[in-house]
Amino acid sequence: MCHFPQRSSVWPFPKLCSIPWRFYHTSTALMCSCSKTVSDEKYQDPFQLGRKDLKNLYEDIKKELLVSTAELREMCEYYFDGKGKAFRPMIVVLMARACNIHHSNSREVQASQRSVAIIAEMIHTASLVHDDVIDDANSRRGKMTVNQIWGERKAVLAGDFILSAASLALARIGNTTIISVLTQVIEDLVRGEFLQLGSKENENERFAHYLEKTFKKTASLIANSCKAVSILGCPDPKVHEIAYQYGKNVGIAFQLIDDVLDFTSCADHLGKPAAADLKLGLATGPVLFACRQKEPRGRLECMHVFVSSSFGHLQGHASQERQEREEYQLLGSAA
């Protein structure tokens, strides 16, 4: 069963609420009861709504990466090849447009608001480069990772350089409030990574720990980017808080579903190895929900189903005996 944030009756931009639903309807093969629209409302593709403002997004990002060294430039531009979903910039430009319409009835996205969308994608990509080093990942978006091609040390430096370029772009906006809001994202990314390295012994605290980690590693970027464009487009603090909360809930929902897809989709569909978190001994939402089963037997059986599904994608024709042995080794590390 899938759970999404409920629509708020005080939300002034109702059309934006369709974004997380529509995104997963059109971009994934997730099989759940949410796969059908919940009303007769006609949803518009959010990527089409934001297409004009996202045009030449990756070309503009490359212009921010002014590098004289050919190798460093190639590394920094590696993921800005136009094959990413651009989910975060799309959310940001639509939030900007919604705030502008709400405040001044303008449908145009300001240059500074579009810069926030560019910066958000740069920060996100830099975090991917660093995450792949930490996780020793070998594939991302259907191709080899930066660390696999150029090595871990150079990958770390490439991620740092992308962050520095994003910081320069942020400074050029010239708004100290916006700088403060978006630099919080970088702090949260680091704190989130540290949270992921730890866990809680108390079972009741594990899910709260997981959600806090999820907010800092994923949702903070979307939440604070939405808040930033709302500040640029509307002076009302109430709107700023609504934009922040919307981005926070979309970000958490996005990661919850991504963690489910880690179990239910194959590597070809994900563009990265399936069951990657489980192999690293990280207990994500599906495993934590399984751990909440009251009976130990039911708990183990539920977790066994998750891992068996993952190994169906990962192991192919591996022997049943070897598969089960490796499954329970993973369960022991994640539980």
# chains A, B, ... in the order shown; residues from 1 in each chain; ligands from 1
call {"tool": "residues_around", "arguments": {"residues": "A:Ile134", "least_positions_apart": "5", "cutoff": "10 Å", "atoms": "only C-alpha atoms", "output": "list in words"}}
result
Leu128, Val129, Asn147, Glu152, Val156 and Glu193 of chain A
call {"tool": "atom_distance", "arguments": {"atom1": "atom CA of A:Ile242", "atom2": "atom CA of A:Ser230"}}
result
9.2 Å
call {"tool": "select_by_dssp", "arguments": {"residues": "stretch 143-280 of chain A", "states": "alpha helix (DSSP H)", "output": "ChimeraX atom specification"}}
result
/A:146-150,152-173,176-197,203-214,220-233,237-264,267-270,276-279
call {"tool": "closest_residue", "arguments": {"among": "A:Leu288, A:Asp160, A:Lys248, A:Thr264", "to": "A:Ala208", "atoms": "only C-alpha atoms"}}
result
A:Leu288
call {"tool": "atom_distance", "arguments": {"atom1": "atom CA of A:Thr125", "atom2": "atom CA of A:Gly159"}}
result
7.8 Å
call {"tool": "residues_around", "arguments": {"residues": "A:Tyr79", "least_positions_apart": "3", "cutoff": "12 Å", "atoms": "only C-alpha atoms", "output": "ChimeraX atom specification"}}
result
/A:58-59,61-62,73-76,82-86,121-122,124-129,139-146,158-159,162
call {"tool": "closest_residue", "arguments": {"among": "A:Glu212, A:Glu71, A:Asp188, A:Asp259", "to": "A:Ile123", "atoms": "only C-alpha atoms"}}
result
A:Asp188
call {"tool": "residues_around", "arguments": {"residues": "A:Leu170", "least_positions_apart": "5", "cutoff": "12 Å", "atoms": "only C-alpha atoms", "output": "list in words"}}
result
Glu64, Ser112, Gln113, Arg114, Ser115, Val116, Ala117, Ile118, Ile119, Ala120, Met122, Ile123, Leu163, Ser164, Ala165, Asn175, Thr176, Thr177, Ile178, Ile179, Ser180, Val181, Leu182, Thr183, Ser225 and Ala228 of chain A
call {"tool": "residues_around", "arguments": {"residues": "A:Leu189", "least_positions_apart": "4", "cutoff": "7 Å", "atoms": "only C-alpha atoms", "output": "PDB file with N, CA, C and O atoms, in the first residue's frame"}}
result
ATOM      1  N   VAL A 185      21.058  23.397   2.777  1.00  0.00           N
ATOM      2  CA  VAL A 185      20.957  22.119   2.067  1.00  0.00           C
ATOM      3  C   VAL A 185      22.271  21.350   2.147  1.00  0.00           C
ATOM      4  O   VAL A 185      22.288  20.137   2.400  1.00  0.00           O
ATOM      5  N   GLU A 193      24.242  12.098   5.638  1.00  0.00           N
ATOM      6  CA  GLU A 193      25.172  11.006   5.364  1.00  0.00           C
ATOM      7  C   GLU A 193      25.686  10.396   6.663  1.00  0.00           C
ATOM      8  O   GLU A 193      25.828   9.174   6.778  1.00  0.00           O
ATOM      9  N   LYS A 216      17.089  14.911   5.356  1.00  0.00           N
ATOM     10  CA  LYS A 216      18.348  15.633   5.186  1.00  0.00           C
ATOM     11  C   LYS A 216      19.043  15.277   3.872  1.00  0.00           C
ATOM     12  O   LYS A 216      19.619  16.148   3.205  1.00  0.00           O
ATOM     13  N   LYS A 217      18.992  14.012   3.471  1.00  0.00           N
ATOM     14  CA  LYS A 217      19.697  13.592   2.258  1.00  0.00           C
ATOM     15  C   LYS A 217      18.927  13.892   0.978  1.00  0.00           C
ATOM     16  O   LYS A 217      19.534  14.073  -0.081  1.00  0.00           O
TER      17      LYS A 217
END
call {"tool": "atom_distance", "arguments": {"atom1": "atom CA of A:Thr214", "atom2": "atom CA of A:Gly251"}}
result
8.3 Å
call {"tool": "closest_residue", "arguments": {"among": "A:Cys291, A:Val67, A:Ala219, A:Ala169", "to": "A:Gly192", "atoms": "only C-alpha atoms"}}
result
A:Ala219
